[in-house]
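Participant: One structure, as structure tokens, below. Some questions next.
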Amino acid sequence: MNEFRIAAIPADGIGREVVAAGRTVLDALQAEGRFSLAWEEFPWGCDYYAEHGVMMPEDGLEVLEGFDAIYFGAVGWPTVPDHVSLWGLRLRICQGFDQWANVRPVRFLPGVASPLRKADDAELDWVVVRENSEGEYAGLGGRNLAARGAGGEVAVQSSLFTEVGCERIMRFAFDLARTRPRRRVASVTKSNAQQYGMVLWDEVFRRVARDYPDVETESVLVDAMAAKFVLRPEDLSVVVASNLNADILSDLGSALAGSLGLAASANLNPERRFPSMFEPVHGSAPDIAGRGAANPVGAIGSAALMLAHLGLEEEAARIERAVEAASAQGVLTRDVGGSASTDEVTAAVVANL
Ligand code: ATP
Ligand code: MG
């Protein structure tokens, strides 16, 4: 039997509720006996920070390295500055384990009204591939406090684009496009205004595209792409973009599908030298935390992505079909127009497995 060691890091706010939901679904599936998951849960996050002054222990990455995958909730709480909590936990894991590809499918569910109101919403399905190791989140720059005296502080935030980083995420996107019904990759930049990194990105995209003559391509500016998400989403299949641009576009995508709470994601180390991490796209949502109101679908979908990554594609597909069935039956949380609790949606997904 396939046995996997999974590290669960629920972290903060609704992260805890949706990780519990995803575990319930996975445990129901593993009870059938075709695979088994050995879970270990780590209490890292903002509460841990309050006690220890760090978001995770010094040797946290070494501890995680022995696992087959990481199942993550959400990080952030009003008591800790967002950049401290994010860099102290989630980005530390992403960067420490070289999880350079962030895959964020945009999926529409039966029974959930999309603000797009297209007749064929149900047919919409695209994937945002996010460069996850450099770009605008490279952490480069600084603040010149000394300049305060000269009329105001100056801060510089630089983006880093490397040929290697651009090329690997683009090859990943093209390879993914080849597995999809529509073989098409759209590359997103703002290369008319950002004339160094994004121009390099465009050049690498054109070069890599020559190795995939069977895949259609287009280069689109990020502002135009935001409009396209809303006006012509049926044209999309794989959308590849830098760290910041893809972050924003994938939030837009999940909102178009009906709620941020629906969106799943995988932070992959495609070489499999290190564990990959699976998490819903949404954050810790302090406004609804602790009330049993969180939509668990993004986290459950992330659990499906995790199974697919572990080679359990059939089981992953069963989870996705069960989510669709529960949704079609109208078992929905408040964010998507229903009145069900997190636990009720989770139970409906389990019942439909
Ligand atoms: P982050 O900075 O981590 O991206 P954020 O502050 O941008 O987080 P989120 O926590 O992702 O925001 O969510 C924004 C709002 O969307 C929440 O306040 C909440 O109302 C709603 N929301 C997000 N996720 C869910 C969910 N799973 N179920 C229901 N509502 C959600
Ligand atoms: Mg956000």
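In the structure tokens, chains take the letters A, B, ... in the order shown, each chain's residues start at 1, and ligands count up from 1 in the order shown.
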Excluding A:Trp201 and any residue of its chain fewer than 5 positions from it, enumerate the residues within 12 Å of it, using only C-alpha atoms, and give them as a JSON list (two decimals) with N, CA and C atoms, in the first residue's frame.

Facilitator:
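Output saved as part05.json:
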[["chain", "number", "residue", "atom", "x", "y", "z"],
["A", 131, "GLU", "N", 5.03, 32.16, -10.87],
["A", 131, "GLU", "CA", 6.45, 32.05, -10.53],
["A", 131, "GLU", "C", 6.55, 32.37, -9.04],
["A", 135, "GLY", "N", 10.97, 37.31, -8.79],
["A", 135, "GLY", "CA", 10.05, 38.38, -9.17],
["A", 135, "GLY", "C", 9.94, 39.45, -8.11],
["A", 160, "LEU", "N", 13.36, 40.67, -8.92],
["A", 160, "LEU", "CA", 14.47, 39.90, -9.46],
["A", 160, "LEU", "C", 13.95, 38.94, -10.52],
["A", 161, "PHE", "N", 14.47, 39.03, -11.72],
["A", 161, "PHE", "CA", 14.12, 38.07, -12.76],
["A", 161, "PHE", "C", 15.40, 37.45, -13.30],
["A", 162, "THR", "N", 15.48, 36.13, -13.24],
["A", 162, "THR", "CA", 16.63, 35.45, -13.79],
["A", 162, "THR", "C", 16.19, 34.63, -14.99],
["A", 163, "GLU", "N", 17.12, 34.42, -15.91],
["A", 163, "GLU", "CA", 16.80, 33.63, -17.09],
["A", 163, "GLU", "C", 16.38, 32.21, -16.68],
["A", 164, "VAL", "N", 17.14, 31.66, -15.71],
["A", 164, "VAL", "CA", 16.83, 30.30, -15.24],
["A", 164, "VAL", "C", 15.43, 30.25, -14.62],
["A", 165, "GLY", "N", 15.13, 31.26, -13.77],
["A", 165, "GLY", "CA", 13.83, 31.29, -13.11],
["A", 165, "GLY", "C", 12.68, 31.44, -14.09],
["A", 166, "CYS", "N", 12.87, 32.31, -15.09],
["A", 166, "CYS", "CA", 11.81, 32.51, -16.10],
["A", 166, "CYS", "C", 11.63, 31.24, -16.93],
["A", 167, "GLU", "N", 12.76, 30.68, -17.34],
["A", 167, "GLU", "CA", 12.67, 29.54, -18.26],
["A", 167, "GLU", "C", 12.00, 28.34, -17.60],
["A", 168, "ARG", "N", 12.34, 28.06, -16.34],
["A", 168, "ARG", "CA", 11.76, 26.85, -15.73],
["A", 168, "ARG", "C", 10.26, 26.99, -15.51],
["A", 169, "ILE", "N", 9.79, 28.19, -15.13],
["A", 169, "ILE", "CA", 8.35, 28.33, -14.90],
["A", 169, "ILE", "C", 7.60, 28.27, -16.23],
["A", 170, "MET", "N", 8.23, 28.78, -17.29],
["A", 170, "MET", "CA", 7.56, 28.73, -18.59],
["A", 170, "MET", "C", 7.49, 27.31, -19.13],
["A", 187, "SER", "N", 1.17, 34.41, -21.53],
["A", 187, "SER", "CA", 2.19, 34.97, -20.64],
["A", 187, "SER", "C", 1.81, 36.40, -20.29],
["A", 188, "VAL", "N", 1.95, 36.73, -19.00],
["A", 188, "VAL", "CA", 1.48, 38.04, -18.51],
["A", 188, "VAL", "C", 2.66, 38.86, -18.00],
["A", 189, "THR", "N", 2.74, 40.11, -18.43],
["A", 189, "THR", "CA", 3.77, 41.01, -17.89],
["A", 189, "THR", "C", 3.22, 42.43, -17.83],
["A", 190, "LYS", "N", 4.11, 43.33, -17.47],
["A", 190, "LYS", "CA", 3.85, 44.75, -17.69],
["A", 190, "LYS", "C", 5.13, 45.29, -18.34],
["A", 191, "SER", "N", 5.49, 44.64, -19.44],
["A", 191, "SER", "CA", 6.81, 44.92, -20.01],
["A", 191, "SER", "C", 6.87, 46.23, -20.77],
["A", 192, "ASN", "N", 5.72, 46.86, -20.97],
["A", 192, "ASN", "CA", 5.79, 48.20, -21.57],
["A", 192, "ASN", "C", 6.26, 49.23, -20.55],
["A", 194, "GLN", "N", 7.79, 48.16, -17.34],
["A", 194, "GLN", "CA", 8.90, 47.64, -16.54],
["A", 194, "GLN", "C", 9.91, 47.04, -17.51],
["A", 195, "GLN", "N", 10.90, 47.82, -17.83],
["A", 195, "GLN", "CA", 11.66, 47.53, -19.05],
["A", 195, "GLN", "C", 12.86, 46.61, -18.89],
["A", 196, "TYR", "N", 13.12, 46.12, -17.68],
["A", 196, "TYR", "CA", 14.25, 45.20, -17.52],
["A", 196, "TYR", "C", 13.77, 43.76, -17.31],
["A", 206, "ARG", "N", 9.31, 33.87, -25.56],
["A", 206, "ARG", "CA", 9.34, 33.63, -27.02],
["A", 206, "ARG", "C", 10.28, 32.49, -27.37],
["A", 207, "ARG", "N", 11.42, 32.43, -26.66],
["A", 207, "ARG", "CA", 12.40, 31.37, -26.94],
["A", 207, "ARG", "C", 11.87, 30.00, -26.54],
["A", 208, "VAL", "N", 11.30, 29.91, -25.34],
["A", 208, "VAL", "CA", 10.78, 28.62, -24.87],
["A", 208, "VAL", "C", 9.63, 28.15, -25.77],
["A", 219, "SER", "N", 1.07, 36.86, -25.52],
["A", 219, "SER", "CA", 1.64, 37.70, -24.47],
["A", 219, "SER", "C", 0.66, 38.83, -24.21],
["A", 240, "VAL", "N", 0.56, 32.08, -17.36],
["A", 240, "VAL", "CA", 1.80, 32.08, -16.58],
["A", 240, "VAL", "C", 2.21, 33.52, -16.30],
["A", 241, "ALA", "N", 2.52, 33.80, -15.03],
["A", 241, "ALA", "CA", 2.82, 35.18, -14.65],
["A", 241, "ALA", "C", 3.78, 35.20, -13.47],
["A", 242, "SER", "N", 4.35, 36.37, -13.27],
["A", 242, "SER", "CA", 5.30, 36.56, -12.17],
["A", 242, "SER", "C", 4.56, 36.51, -10.84]]

Participant: Skipping near chain neighbours, those fewer than 4 positions away, what residues fall within 10 Å of stretch 228-236 of chain A using only C-alpha atoms, listed as a ChimeraX atom specification?

Facilitator: /A:115-116,118,120-121,123-128,182-186,220,222-224,249-250,252-253,256

Participant: Which residues are near stretch 32-36 of chain A? Cut-off 7 Å, only C-alpha atoms, ignore same chain within fewer than 3 positions. Put them as a PyMOL selection string.

Facilitator: chain A and resi 1-4+29

Participant: Create the file for the chosen residues now, containing C-alpha atoms and written as a PDB file, in the first residue's frame.

Facilitator:
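Result went into result_39.pdb, see below:
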ATOM      1  CA  MET A   1       0.000   0.000   0.000  1.00  0.00           C
ATOM      2  CA  ASN A   2       1.072   3.586  -0.632  1.00  0.00           C
ATOM      3  CA  GLU A   3       2.049   5.228   2.631  1.00  0.00           C
ATOM      4  CA  PHE A   4       2.806   8.909   2.916  1.00  0.00           C
ATOM      5  CA  LEU A  29     -10.771   8.199   1.582  1.00  0.00           C
TER       6      LEU A  29
END

Participant: Residues at most 8 Å from ligand 1, using only C-alpha atoms and all ligand atoms? Could they come as a count of residues only?

Facilitator: 30

Participant: Could you jot down the atom CA of A:Ala255 to atom CA of A:Leu109 separation for me, Å, one decimal place?

Facilitator: 12.2 Å

Participant: Set the distance at 6 Å and use only C-alpha atoms: which residues neighbour stretch 148-159 of chain A once local chain neighbours fewer than 6 positions away are removed? I'd like the list as a list in words.

Facilitator: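 Here the qualifying residues turn out to be Gly135, Glu136, Leu140, Gly141 and Gly142 of chain A.
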
Participant: Can I get the selected residues back with N, CA and C atoms, as a compact mmCIF listing (two decimals), in the first residue's frame?

Facilitator:
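Okay, this is what ended up in out12.txt:
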# COMPACT_ATOMS: atom_id res chain seq x y z
N GLY A 135 10.97 37.31 -8.79
CA GLY A 135 10.05 38.38 -9.17
C GLY A 135 9.94 39.45 -8.11
N GLU A 136 8.71 39.90 -7.91
CA GLU A 136 8.45 41.03 -7.01
C GLU A 136 8.58 40.62 -5.55
N LEU A 140 14.09 42.03 -2.15
CA LEU A 140 15.23 42.91 -2.39
C LEU A 140 14.83 44.37 -2.23
N GLY A 141 15.68 45.11 -1.54
CA GLY A 141 15.41 46.53 -1.38
C GLY A 141 15.75 46.96 0.03
N GLY A 142 15.24 48.10 0.39
CA GLY A 142 15.53 48.58 1.74
C GLY A 142 14.86 49.92 1.97

Participant: Using DSSP on the backbone coordinates, identify all residues within stretch 89-158 of chain A classified as strand (DSSP E); present the result as a PDB file with C-alpha atoms, in the first residue's frame.

Facilitator:
ATOM      1  CA  ALA A 101       5.940  26.712  -9.200  1.00  0.00           C
ATOM      2  CA  ASN A 102       2.643  27.771  -7.669  1.00  0.00           C
ATOM      3  CA  VAL A 103      -0.306  26.178  -9.481  1.00  0.00           C
ATOM      4  CA  ARG A 104      -3.718  27.775  -8.943  1.00  0.00           C
ATOM      5  CA  PRO A 105      -6.600  26.247 -10.879  1.00  0.00           C
ATOM      6  CA  VAL A 106      -9.645  28.464 -11.453  1.00  0.00           C
ATOM      7  CA  ARG A 107     -12.641  26.141 -11.346  1.00  0.00           C
ATOM      8  CA  ASP A 125     -11.650  26.198 -16.343  1.00  0.00           C
ATOM      9  CA  TRP A 126      -8.177  27.641 -16.437  1.00  0.00           C
ATOM     10  CA  VAL A 127      -4.973  27.507 -14.396  1.00  0.00           C
ATOM     11  CA  VAL A 128      -2.777  30.319 -13.177  1.00  0.00           C
ATOM     12  CA  VAL A 129       0.883  29.277 -12.964  1.00  0.00           C
ATOM     13  CA  ARG A 130       2.695  31.599 -10.634  1.00  0.00           C
ATOM     14  CA  GLU A 131       6.448  32.052 -10.533  1.00  0.00           C
ATOM     15  CA  GLY A 135      10.053  38.382  -9.175  1.00  0.00           C
ATOM     16  CA  GLU A 136       8.452  41.027  -7.012  1.00  0.00           C
ATOM     17  CA  TYR A 137       8.680  38.848  -3.876  1.00  0.00           C
ATOM     18  CA  ALA A 138      12.447  38.426  -3.976  1.00  0.00           C
ATOM     19  CA  GLY A 139      12.752  40.513  -0.823  1.00  0.00           C
ATOM     20  CA  LEU A 140      15.228  42.908  -2.386  1.00  0.00           C
ATOM     21  CA  GLY A 141      15.407  46.528  -1.380  1.00  0.00           C
ATOM     22  CA  GLY A 142      15.528  48.577   1.737  1.00  0.00           C
ATOM     23  CA  ARG A 143      14.381  51.635   3.566  1.00  0.00           C
ATOM     24  CA  ASN A 144      16.583  54.652   3.858  1.00  0.00           C
ATOM     25  CA  VAL A 154      12.816  56.583   0.710  1.00  0.00           C
ATOM     26  CA  ALA A 155      12.046  52.900   0.204  1.00  0.00           C
ATOM     27  CA  VAL A 156      13.176  50.704  -2.667  1.00  0.00           C
ATOM     28  CA  GLN A 157      11.488  47.410  -3.546  1.00  0.00           C
ATOM     29  CA  SER A 158      13.229  45.631  -6.399  1.00  0.00           C
TER      30      SER A 158
END

Participant: Using atom CA of A:Ala7 and atom CA of A:Ala69 as the two end points, give the distance in Å to one decimal.

Facilitator: 6.4 Å

Participant: Considering only C-alpha atoms, state which residue in the set A:Ala266, A:Ala317, A:Leu221, A:Cys46 is at the smallest distance from A:Gly13.

Facilitator: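 Under the stated criterion, the closest residue is A:Cys46.
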